[in-house]
$ cat start_12.json   # JSON, C-alpha atoms
[["chain", "number", "residue", "atom", "x", "y", "z"],
["A", 1, "MET", "CA", 161.00, 255.32, 8.56],
["A", 2, "LYS", "CA", 164.15, 256.63, 6.92],
["A", 3, "LYS", "CA", 166.86, 254.31, 5.75],
["A", 4, "LYS", "CA", 169.47, 255.51, 8.23],
["A", 5, "GLU", "CA", 167.02, 255.01, 11.05],
["A", 6, "LEU", "CA", 166.50, 251.44, 9.97],
["A", 7, "THR", "CA", 170.28, 250.97, 9.85],
["A", 8, "PHE", "CA", 170.55, 252.45, 13.34],
["A", 9, "ILE", "CA", 167.90, 250.13, 14.75],
["A", 10, "ILE", "CA", 169.27, 247.03, 13.04],
["A", 11, "GLY", "CA", 172.73, 248.05, 14.28],
["A", 12, "ILE", "CA", 171.55, 248.05, 17.90],
["A", 13, "VAL", "CA", 169.80, 244.70, 17.50],
["A", 14, "VAL", "CA", 172.86, 243.11, 15.85],
["A", 15, "PHE", "CA", 175.12, 244.53, 18.59],
["A", 16, "ALA", "CA", 172.79, 243.13, 21.26],
["A", 17, "LEU", "CA", 172.78, 239.70, 19.60],
["A", 18, "ILE", "CA", 176.59, 239.64, 19.34],
["A", 19, "LEU", "CA", 176.84, 240.70, 22.98],
["A", 20, "TRP", "CA", 174.36, 238.00, 23.96],
["A", 21, "GLY", "CA", 176.25, 235.36, 21.95],
["A", 22, "GLY", "CA", 179.56, 236.36, 23.50],
["A", 23, "MET", "CA", 178.15, 236.26, 27.01],
["A", 24, "TYR", "CA", 176.49, 232.93, 26.35],
["A", 25, "LEU", "CA", 179.87, 231.44, 25.41],
["A", 26, "VAL", "CA", 181.61, 233.01, 28.41],
["A", 27, "ARG", "CA", 178.93, 231.83, 30.81],
["A", 28, "GLN", "CA", 178.83, 228.26, 29.57],
["A", 29, "GLY", "CA", 179.71, 225.61, 32.08],
["A", 30, "HIS", "CA", 178.43, 223.94, 35.17],
["A", 31, "TYR", "CA", 177.50, 226.15, 38.07],
["A", 32, "GLY", "CA", 177.76, 224.25, 41.35],
["A", 33, "SER", "CA", 177.40, 227.03, 43.87],
["A", 34, "ILE", "CA", 176.10, 230.53, 44.36],
["A", 35, "ARG", "CA", 177.75, 233.62, 45.70],
["A", 36, "ILE", "CA", 175.75, 236.24, 47.56],
["A", 37, "THR", "CA", 177.00, 239.80, 47.70],
["A", 38, "VAL", "CA", 175.51, 242.69, 49.65],
["A", 39, "ASP", "CA", 176.53, 246.21, 48.68],
["A", 40, "GLY", "CA", 179.44, 244.84, 46.65],
["A", 41, "GLU", "CA", 180.86, 242.85, 49.56],
["A", 42, "GLU", "CA", 180.77, 239.08, 49.66],
["A", 43, "TYR", "CA", 178.17, 237.71, 52.06],
["A", 44, "GLY", "CA", 178.81, 234.02, 51.49],
["A", 45, "THR", "CA", 179.16, 231.14, 49.05],
["A", 46, "TYR", "CA", 176.74, 228.23, 49.21],
["A", 47, "SER", "CA", 176.58, 224.92, 47.36],
["A", 48, "LEU", "CA", 173.55, 224.38, 45.18],
["A", 49, "SER", "CA", 173.45, 220.67, 46.02],
["A", 50, "LYS", "CA", 172.53, 221.25, 49.67],
["A", 51, "ASP", "CA", 168.95, 222.34, 50.32],
["A", 52, "GLN", "CA", 168.80, 225.24, 52.77],
["A", 53, "VAL", "CA", 167.17, 228.54, 53.56],
["A", 54, "ILE", "CA", 169.57, 231.48, 53.84],
["A", 55, "SER", "CA", 168.75, 234.76, 55.52],
["A", 56, "ILE", "CA", 170.65, 237.58, 53.87],
["A", 57, "GLY", "CA", 171.08, 240.26, 56.50],
["A", 58, "ASP", "CA", 167.63, 241.10, 57.78],
["A", 59, "THR", "CA", 166.31, 242.24, 54.42],
["A", 60, "ASN", "CA", 166.13, 239.18, 52.16],
["A", 61, "VAL", "CA", 165.69, 235.41, 52.41],
["A", 62, "CYS", "CA", 166.60, 232.96, 49.65],
["A", 63, "GLU", "CA", 166.04, 229.23, 49.45],
["A", 64, "ILE", "CA", 168.19, 226.54, 47.82],
["A", 65, "LYS", "CA", 166.03, 223.62, 46.78],
["A", 66, "ASN", "CA", 166.45, 220.89, 44.16],
["A", 67, "GLY", "CA", 169.68, 222.43, 42.85],
["A", 68, "GLU", "CA", 168.30, 225.91, 42.28],
["A", 69, "VAL", "CA", 168.06, 229.06, 44.33],
["A", 70, "LYS", "CA", 165.18, 231.50, 44.53],
["A", 71, "MET", "CA", 164.59, 234.63, 46.54],
["A", 72, "ILE", "CA", 161.62, 233.91, 48.76],
["A", 73, "GLU", "CA", 161.40, 237.03, 50.93],
["A", 74, "ALA", "CA", 162.35, 240.67, 50.59],
["A", 75, "ASP", "CA", 161.34, 243.73, 52.57],
["A", 76, "CYS", "CA", 161.51, 246.13, 49.62],
["A", 77, "PRO", "CA", 158.31, 247.53, 48.11],
["A", 78, "ASP", "CA", 158.72, 246.28, 44.52],
["A", 79, "HIS", "CA", 159.48, 242.58, 45.19],
["A", 80, "LEU", "CA", 161.00, 242.24, 41.72],
["A", 81, "CYS", "CA", 163.67, 239.86, 42.99],
["A", 82, "LEU", "CA", 160.99, 237.34, 44.00],
["A", 83, "LYS", "CA", 159.86, 237.15, 40.38],
["A", 84, "GLN", "CA", 163.29, 236.68, 38.83],
["A", 85, "LYS", "CA", 164.31, 233.39, 37.29],
["A", 86, "ALA", "CA", 165.87, 230.86, 39.67],
["A", 87, "VAL", "CA", 169.66, 230.46, 39.51],
["A", 88, "ASP", "CA", 170.48, 226.81, 38.74],
["A", 89, "SER", "CA", 173.38, 224.78, 37.32],
["A", 90, "THR", "CA", 173.28, 226.86, 34.13],
["A", 91, "GLY", "CA", 174.07, 230.00, 36.10],
["A", 92, "GLY", "CA", 172.21, 233.27, 36.34],
["A", 93, "THR", "CA", 171.76, 236.30, 38.54],
["A", 94, "ILE", "CA", 169.09, 237.48, 40.95],
["A", 95, "VAL", "CA", 169.24, 241.14, 41.95],
["A", 96, "CYS", "CA", 167.41, 243.02, 44.67],
["A", 97, "LEU", "CA", 168.24, 246.61, 43.79],
["A", 98, "PRO", "CA", 166.78, 248.43, 46.83],
["A", 99, "ASN", "CA", 168.73, 246.23, 49.26],
["A", 100, "LYS", "CA", 171.77, 245.92, 46.95],
["A", 101, "VAL", "CA", 171.65, 242.13, 47.24],
["A", 102, "VAL", "CA", 173.00, 240.06, 44.34],
["A", 103, "ILE", "CA", 172.90, 236.27, 44.02],
["A", 104, "GLU", "CA", 175.17, 234.95, 41.30],
["A", 105, "GLY", "CA", 175.87, 231.44, 40.06],
["A", 106, "GLU", "CA", 179.48, 230.37, 40.48],
["A", 107, "LYS", "CA", 181.33, 227.85, 38.38],
["A", 108, "GLY", "CA", 183.26, 224.92, 39.78],
["A", 109, "SER", "CA", 182.95, 224.28, 43.47],
["A", 110, "GLY", "CA", 180.13, 222.02, 44.55],
["A", 111, "SER", "CA", 180.24, 219.99, 41.36],
["A", 112, "ASP", "CA", 182.52, 217.38, 42.99],
["A", 113, "GLU", "CA", 179.68, 216.29, 45.19],
["A", 114, "THR", "CA", 176.47, 215.05, 43.68],
["A", 115, "SER", "CA", 176.38, 216.64, 40.28],
["A", 116, "PRO", "CA", 172.79, 216.75, 39.05],
["A", 117, "GLU", "CA", 174.00, 216.22, 35.48],
["A", 118, "PHE", "CA", 175.01, 212.67, 36.20],
["A", 119, "ASP", "CA", 172.23, 211.75, 38.59],
["A", 120, "THR", "CA", 169.85, 210.82, 35.84],
["A", 121, "VAL", "CA", 172.23, 208.50, 33.97],
["A", 122, "VAL", "CA", 171.06, 204.90, 34.37],
["B", 1, "MET", "CA", 156.97, 281.44, 29.97],
["B", 2, "ASN", "CA", 153.56, 282.49, 28.83],
["B", 3, "GLN", "CA", 150.40, 281.23, 30.45],
["B", 4, "LYS", "CA", 149.44, 278.87, 27.67],
["B", 5, "LYS", "CA", 152.79, 277.16, 27.86],
["B", 6, "ILE", "CA", 152.59, 276.84, 31.64],
["B", 7, "ALA", "CA", 149.15, 275.26, 31.33],
["B", 8, "ASN", "CA", 150.31, 272.89, 28.61],
["B", 9, "LEU", "CA", 153.38, 271.78, 30.53],
["B", 10, "GLY", "CA", 151.30, 271.21, 33.65],
["B", 11, "LEU", "CA", 148.84, 269.20, 31.61],
["B", 12, "PHE", "CA", 151.59, 267.03, 30.16],
["B", 13, "ALA", "CA", 153.27, 266.55, 33.50],
["B", 14, "ALA", "CA", 149.91, 265.28, 34.77],
["B", 15, "VAL", "CA", 149.54, 262.99, 31.75],
["B", 16, "ALA", "CA", 153.05, 261.63, 32.32],
["B", 17, "ILE", "CA", 152.28, 260.96, 35.99],
["B", 18, "ILE", "CA", 149.05, 259.15, 35.09],
["B", 19, "PHE", "CA", 151.01, 257.07, 32.55],
["B", 20, "GLY", "CA", 153.51, 256.19, 35.23],
["B", 21, "TYR", "CA", 150.66, 255.00, 37.44],
["B", 22, "VAL", "CA", 148.98, 253.04, 34.65],
["B", 23, "GLU", "CA", 152.31, 251.42, 33.90],
["B", 24, "SER", "CA", 152.75, 250.31, 37.50],
["B", 25, "LEU", "CA", 149.47, 248.39, 37.11],
["B", 26, "ILE", "CA", 150.59, 246.48, 34.01],
["B", 27, "PRO", "CA", 152.48, 243.32, 34.95],
["B", 28, "PHE", "CA", 155.03, 243.71, 32.18],
["B", 29, "PHE", "CA", 157.94, 241.83, 33.63],
["B", 30, "ALA", "CA", 159.95, 239.16, 31.88],
["B", 31, "GLY", "CA", 162.45, 238.30, 34.59],
["B", 32, "ILE", "CA", 164.73, 241.18, 33.70],
["B", 33, "PRO", "CA", 164.87, 244.06, 36.17],
["B", 34, "GLY", "CA", 164.35, 247.44, 34.59],
["B", 35, "MET", "CA", 162.28, 246.25, 31.65],
["B", 36, "LYS", "CA", 159.17, 248.31, 31.15],
["B", 37, "LEU", "CA", 157.03, 249.99, 28.53],
["B", 38, "GLY", "CA", 158.04, 253.57, 29.21],
["B", 39, "LEU", "CA", 154.59, 255.00, 28.53],
["B", 40, "ALA", "CA", 155.57, 258.25, 30.22],
["B", 41, "ASN", "CA", 158.09, 258.81, 27.45],
["B", 42, "LEU", "CA", 155.12, 259.48, 25.19],
["B", 43, "ALA", "CA", 154.47, 262.75, 27.01],
["B", 44, "VAL", "CA", 158.17, 263.63, 27.12],
["B", 45, "LEU", "CA", 158.63, 262.95, 23.39],
["B", 46, "PHE", "CA", 155.59, 265.06, 22.62],
["B", 47, "ILE", "CA", 156.96, 268.00, 24.62],
["B", 48, "LEU", "CA", 160.39, 267.56, 23.05],
["B", 49, "GLU", "CA", 158.78, 267.77, 19.62],
["B", 50, "LYS", "CA", 156.61, 270.80, 20.42],
["B", 51, "TYR", "CA", 158.98, 272.78, 22.64],
["B", 52, "THR", "CA", 162.66, 272.25, 23.52],
["B", 53, "TRP", "CA", 164.64, 269.88, 25.70],
["B", 54, "LYS", "CA", 164.34, 272.30, 28.63],
["B", 55, "GLU", "CA", 160.58, 271.91, 28.82],
["B", 56, "ALA", "CA", 160.92, 268.15, 28.32],
["B", 57, "ALA", "CA", 163.45, 267.96, 31.18],
["B", 58, "LEU", "CA", 161.13, 269.94, 33.44],
["B", 59, "VAL", "CA", 158.14, 267.68, 32.75],
["B", 60, "SER", "CA", 160.34, 264.60, 33.11],
["B", 61, "ALA", "CA", 161.77, 265.70, 36.46],
["B", 62, "VAL", "CA", 158.35, 266.60, 37.88],
["B", 63, "ARG", "CA", 156.99, 263.23, 36.80],
["B", 64, "ILE", "CA", 159.86, 261.22, 38.30],
["B", 65, "VAL", "CA", 159.78, 262.98, 41.66],
["B", 66, "VAL", "CA", 155.98, 262.75, 41.99],
["B", 67, "ILE", "CA", 155.80, 259.10, 40.84],
["B", 68, "GLY", "CA", 158.78, 258.26, 43.04],
["B", 69, "PHE", "CA", 157.20, 259.68, 46.17],
["B", 70, "MET", "CA", 153.82, 258.12, 45.45],
["B", 71, "PHE", "CA", 154.74, 254.61, 44.33],
["B", 72, "GLY", "CA", 158.48, 254.15, 44.66],
["B", 73, "ASN", "CA", 161.33, 255.02, 46.95],
["B", 74, "LEU", "CA", 164.51, 257.05, 46.87],
["B", 75, "PHE", "CA", 166.25, 254.36, 44.83],
["B", 76, "SER", "CA", 163.62, 254.18, 42.15],
["B", 77, "ILE", "CA", 163.84, 257.98, 41.85],
["B", 78, "LEU", "CA", 167.60, 257.70, 41.39],
["B", 79, "TYR", "CA", 167.29, 255.00, 38.71],
["B", 80, "SER", "CA", 164.58, 256.89, 36.89],
["B", 81, "LEU", "CA", 166.51, 260.16, 36.97],
["B", 82, "ALA", "CA", 169.63, 258.48, 35.58],
["B", 83, "GLY", "CA", 167.68, 256.77, 32.81],
["B", 84, "ALA", "CA", 165.68, 259.87, 31.97],
["B", 85, "ALA", "CA", 168.69, 262.20, 31.96],
["B", 86, "LEU", "CA", 170.69, 260.01, 29.59],
["B", 87, "SER", "CA", 167.69, 259.31, 27.41],
["B", 88, "LEU", "CA", 166.71, 262.98, 27.11],
["B", 89, "THR", "CA", 170.30, 263.97, 26.32],
["B", 90, "VAL", "CA", 170.55, 261.35, 23.58],
["B", 91, "MET", "CA", 167.12, 262.20, 22.17],
["B", 92, "THR", "CA", 167.94, 265.93, 22.07],
["B", 93, "LEU", "CA", 171.24, 265.30, 20.28],
["B", 94, "MET", "CA", 169.56, 262.90, 17.87],
["B", 95, "LYS", "CA", 166.84, 265.40, 17.09],
["B", 96, "LYS", "CA", 169.38, 268.13, 16.36],
["B", 97, "LYS", "CA", 172.09, 266.21, 14.55],
["B", 98, "SER", "CA", 170.77, 263.05, 13.00],
["B", 99, "GLY", "CA", 167.63, 264.13, 11.19],
["B", 100, "PHE", "CA", 165.87, 261.04, 12.49],
["B", 101, "SER", "CA", 162.11, 260.98, 12.59],
["B", 102, "ILE", "CA", 160.28, 260.66, 15.89],
["B", 103, "LEU", "CA", 160.46, 256.87, 15.56],
["B", 104, "GLY", "CA", 164.26, 256.77, 15.47],
["B", 105, "ILE", "CA", 164.52, 259.35, 18.26],
["B", 106, "SER", "CA", 162.18, 257.29, 20.41],
["B", 107, "VAL", "CA", 164.22, 254.12, 19.86],
["B", 108, "ALA", "CA", 167.42, 255.97, 20.76],
["B", 109, "GLY", "CA", 165.67, 257.26, 23.87],
["B", 110, "GLY", "CA", 164.40, 253.84, 24.94],
["B", 111, "VAL", "CA", 167.77, 252.17, 24.48],
["B", 112, "SER", "CA", 169.73, 254.90, 26.25],
["B", 113, "HIS", "CA", 167.22, 254.96, 29.10],
["B", 114, "ASN", "CA", 167.85, 251.28, 29.72],
["B", 115, "ILE", "CA", 171.62, 251.69, 29.47],
["B", 116, "GLY", "CA", 171.53, 254.57, 31.97],
["B", 117, "GLN", "CA", 169.60, 252.52, 34.48],
["B", 118, "LEU", "CA", 171.88, 249.53, 34.02],
["B", 119, "ILE", "CA", 174.96, 251.67, 34.67],
["B", 120, "ILE", "CA", 173.46, 253.14, 37.86],
["B", 121, "ALA", "CA", 172.34, 249.70, 39.03],
["B", 122, "SER", "CA", 175.84, 248.29, 38.45],
["B", 123, "LEU", "CA", 177.38, 251.20, 40.36],
["B", 124, "ILE", "CA", 175.00, 250.84, 43.29],
["B", 125, "THR", "CA", 175.27, 247.07, 43.69],
["B", 126, "MET", "CA", 178.99, 247.14, 42.75],
["B", 127, "THR", "CA", 178.58, 243.99, 40.66],
["B", 128, "SER", "CA", 179.61, 243.39, 37.09],
["B", 129, "GLY", "CA", 177.15, 240.52, 36.77],
["B", 130, "LEU", "CA", 174.39, 242.92, 35.81],
["B", 131, "ILE", "CA", 176.02, 243.42, 32.42],
["B", 132, "TYR", "CA", 174.41, 240.10, 31.45],
["B", 133, "TYR", "CA", 171.10, 241.93, 31.31],
["B", 134, "ALA", "CA", 172.45, 244.36, 28.70],
["B", 135, "PRO", "CA", 171.43, 242.45, 25.51],
["B", 136, "ALA", "CA", 167.86, 241.94, 26.73],
["B", 137, "LEU", "CA", 167.61, 245.57, 27.82],
["B", 138, "LEU", "CA", 168.96, 246.79, 24.46],
["B", 139, "ILE", "CA", 166.39, 244.74, 22.55],
["B", 140, "SER", "CA", 163.55, 245.77, 24.84],
["B", 141, "GLY", "CA", 164.62, 249.40, 24.44],
["B", 142, "VAL", "CA", 164.30, 249.05, 20.67],
["B", 143, "ILE", "CA", 160.87, 247.39, 20.86],
["B", 144, "THR", "CA", 159.34, 249.77, 23.39],
["B", 145, "GLY", "CA", 160.99, 252.70, 21.59],
["B", 146, "LEU", "CA", 159.30, 251.70, 18.31],
["B", 147, "LEU", "CA", 155.98, 251.31, 20.09],
["B", 148, "ILE", "CA", 156.12, 254.64, 21.93],
["B", 149, "GLY", "CA", 157.50, 256.42, 18.85],
["B", 150, "THR", "CA", 154.62, 255.16, 16.70],
["B", 151, "LEU", "CA", 152.09, 256.18, 19.34],
["B", 152, "THR", "CA", 153.63, 259.64, 19.71],
["B", 153, "SER", "CA", 153.68, 260.34, 15.98],
["B", 154, "GLU", "CA", 150.02, 259.28, 15.75],
["B", 155, "VAL", "CA", 149.12, 261.54, 18.67],
["B", 156, "LEU", "CA", 151.08, 264.43, 17.10],
["B", 157, "LYS", "CA", 149.09, 264.05, 13.89],
["B", 158, "ARG", "CA", 145.80, 264.25, 15.74],
["B", 159, "ILE", "CA", 146.32, 266.88, 18.43],
["B", 160, "ARG", "CA", 146.18, 270.54, 17.47],
["B", 161, "PHE", "CA", 148.36, 272.41, 19.83]]
$ encode --input "start_12.json" --output "structure tokens"
Amino acid sequence: MKKKELTFIIGIVVFALILWGGMYLVRQGHYGSIRITVDGEEYGTYSLSKDQVISIGDTNVCEIKNGEVKMIEADCPDHLCLKQKAVDSTGGTIVCLPNKVVIEGEKGSGSDETSPEFDTVV
Amino acid sequence: MNQKKIANLGLFAAVAIIFGYVESLIPFFAGIPGMKLGLANLAVLFILEKYTWKEAALVSAVRIVVIGFMFGNLFSILYSLAGAALSLTVMTLMKKKSGFSILGISVAGGVSHNIGQLIIASLITMTSGLIYYAPALLISGVITGLLIGTLTSEVLKRIRF
């Protein structure tokens, strides 16, 4: 490998790490609810502290349980959204690309109720 | 196009399609949508090295449409086309201007492929939240690019064409 190639590769990795660090700082905080959007339009906001099963249109179904949300059903062929990491109080995103469904963690609201962070304090 | 070239391009299109199928069997998924090995890029890189970007684009397009109709859907074709178009453009420019070896070109291709797909995905879902996947996709582009680049250069050494 030539030297400039190595510089190029290290440059990308460093850029990615800086980007990751910056996003980590921006995303920090307590996420009490989730927002579901379909095709860029808001479908609804739901608190993470209330267990429920939400049907998103007639294409996807997600479930809020124990303070985290997971996609449990999707009618698309790849089913990648079912394998994505659950969105919990640390935030996150679940995307179903074929159906244009996005579940995003939202800061703030919902944390007034029973915040899971304080539940374990004795 | 002479007959030998037509036969070779057909052969590599077939190889790329088989790679696409093999890849769909490997459960290489780390919770990030769009992350994959990019085995098919091996065939495209090979063509790019032996012929020009035009032949590489042809093989790439044939592969994406065939794989899309067999295993995917219209959306996966769209994502793949966006990724492949950006990646091939970047790889062609890199090959001409930068003097990078096949390893560096492959890394540039892997990274730009992932960026292209991320942009299309953000446009289609109309959400900015997808940008959070960018760091992971950049890193995975580098790793898979190194892997595919190494494989391609080894294949180039061994195949008389």
$ closest_atom_pairs --input "start_12.json" --of "chain A" --to "chain B" --cutoff "6 Å" --atoms "only C-alpha atoms" --output "CSV"
residue,atom,partner,partner_atom,distance
A:Glu5,CA,B:Gly104,CA,5.5
A:Ala16,CA,B:Pro135,CA,4.5
A:Trp20,CA,B:Pro135,CA,5.5
A:Asp39,CA,B:Thr125,CA,5.2
A:Gly40,CA,B:Met126,CA,4.5
A:Gln84,CA,B:Gly31,CA,4.6
A:Lys85,CA,B:Gly31,CA,5.9
A:Lys100,CA,B:Thr125,CA,4.9
$ atom_distance --input "start_12.json" --atom1 "CA of Lys95 in chain B" --atom2 "CA of Glu49 in chain B"
8.8 Å
$ closest_residue --input "start_12.json" --among "B:Met35, B:Val59, B:Ala82, B:Met94" --to "Ile120 in chain B" --atoms "only C-alpha atoms"
B:Ala82
$ residues_around --input "start_12.json" --residues "range 52-65 of chain A" --least-positions-apart "3" --cutoff "10 Å" --atoms "only C-alpha atoms" --output "PyMOL selection string"
chain A and resi 34+36-38+43-44+46-49+68-76+81-82+86-88+96+98-101+103
$ atom_distance --input "start_12.json" --atom1 "CA of Gly149 in chain B" --atom2 "CA of Ala57 in chain B"
17.9 Å
$ closest_residue --input "start_12.json" --among "B:Gly10, B:Ser106, B:Arg160, B:Arg63" --to "Ile9 in chain A" --atoms "only C-alpha atoms"
B:Ser106
$ atom_distance --input "start_12.json" --atom1 "CA of Gly11 in chain A" --atom2 "CA of Ala85 in chain B"
23.0 Å
$ closest_residue --input "start_12.json" --among "B:Leu156, B:Val62, B:Leu93, B:Leu147" --to "Ser80 in chain B" --atoms "all atoms listed in the file"
B:Val62
$ residues_around --input "start_12.json" --residues "Lys107 in chain A" --least-positions-apart "4" --cutoff "6 Å" --atoms "only C-alpha atoms" --output "list in words"
His30, Tyr31 and Gly32 of chain A
$ decode --input "start_12.json" --residues "range 13-21 of chain A" --atoms "all heavy atoms" --output "compact mmCIF listing (two decimals), in the first residue's frame"
# COMPACT_ATOMS: atom_id res chain seq x y z
N VAL A 13 -11.16 7.03 8.57
CA VAL A 13 -11.43 6.45 9.89
C VAL A 13 -11.48 7.55 10.95
O VAL A 13 -12.40 7.58 11.79
CB VAL A 13 -10.36 5.39 10.25
CG1 VAL A 13 -10.54 4.91 11.67
CG2 VAL A 13 -10.45 4.21 9.28
N VAL A 14 -10.52 8.48 10.90
CA VAL A 14 -10.49 9.57 11.87
C VAL A 14 -11.76 10.42 11.74
O VAL A 14 -12.41 10.75 12.73
CB VAL A 14 -9.23 10.44 11.69
CG1 VAL A 14 -9.33 11.74 12.49
CG2 VAL A 14 -7.99 9.67 12.11
N PHE A 15 -12.14 10.73 10.50
CA PHE A 15 -13.35 11.51 10.26
C PHE A 15 -14.58 10.80 10.84
O PHE A 15 -15.41 11.42 11.51
CB PHE A 15 -13.54 11.73 8.75
CG PHE A 15 -14.82 12.42 8.39
CD1 PHE A 15 -14.99 13.77 8.66
CD2 PHE A 15 -15.85 11.72 7.79
CE1 PHE A 15 -16.17 14.41 8.32
CE2 PHE A 15 -17.04 12.34 7.46
CZ PHE A 15 -17.20 13.70 7.72
N ALA A 16 -14.64 9.48 10.62
CA ALA A 16 -15.78 8.71 11.14
C ALA A 16 -15.81 8.75 12.66
O ALA A 16 -16.88 8.89 13.27
CB ALA A 16 -15.71 7.27 10.64
N LEU A 17 -14.62 8.64 13.28
CA LEU A 17 -14.56 8.65 14.75
C LEU A 17 -14.99 10.01 15.31
O LEU A 17 -15.72 10.08 16.30
CB LEU A 17 -13.15 8.30 15.22
CG LEU A 17 -12.75 6.84 15.02
CD1 LEU A 17 -11.31 6.60 15.47
CD2 LEU A 17 -13.70 5.90 15.78
N ILE A 18 -14.53 11.09 14.64
CA ILE A 18 -14.91 12.44 15.09
C ILE A 18 -16.43 12.61 14.96
O ILE A 18 -17.11 13.08 15.87
CB ILE A 18 -14.17 13.52 14.27
CG1 ILE A 18 -12.68 13.49 14.62
CG2 ILE A 18 -14.75 14.90 14.54
CD1 ILE A 18 -11.82 14.36 13.74
N LEU A 19 -16.95 12.16 13.82
CA LEU A 19 -18.40 12.23 13.57
C LEU A 19 -19.15 11.46 14.65
O LEU A 19 -20.14 11.92 15.21
CB LEU A 19 -18.69 11.63 12.20
CG LEU A 19 -19.94 12.08 11.47
CD1 LEU A 19 -19.89 13.56 11.17
CD2 LEU A 19 -20.11 11.30 10.17
N TRP A 20 -18.65 10.27 14.95
CA TRP A 20 -19.29 9.42 15.95
C TRP A 20 -19.25 10.09 17.32
O TRP A 20 -20.25 10.13 18.04
CB TRP A 20 -18.58 8.06 16.00
CG TRP A 20 -19.20 7.13 16.98
CD1 TRP A 20 -20.33 6.40 16.81
CD2 TRP A 20 -18.73 6.84 18.30
NE1 TRP A 20 -20.59 5.67 17.94
CE2 TRP A 20 -19.63 5.91 18.87
CE3 TRP A 20 -17.63 7.27 19.06
CZ2 TRP A 20 -19.47 5.42 20.16
CZ3 TRP A 20 -17.46 6.78 20.33
CH2 TRP A 20 -18.38 5.87 20.87
N GLY A 21 -18.09 10.67 17.67
CA GLY A 21 -17.93 11.35 18.96
C GLY A 21 -18.89 12.51 19.07
O GLY A 21 -19.58 12.69 20.08
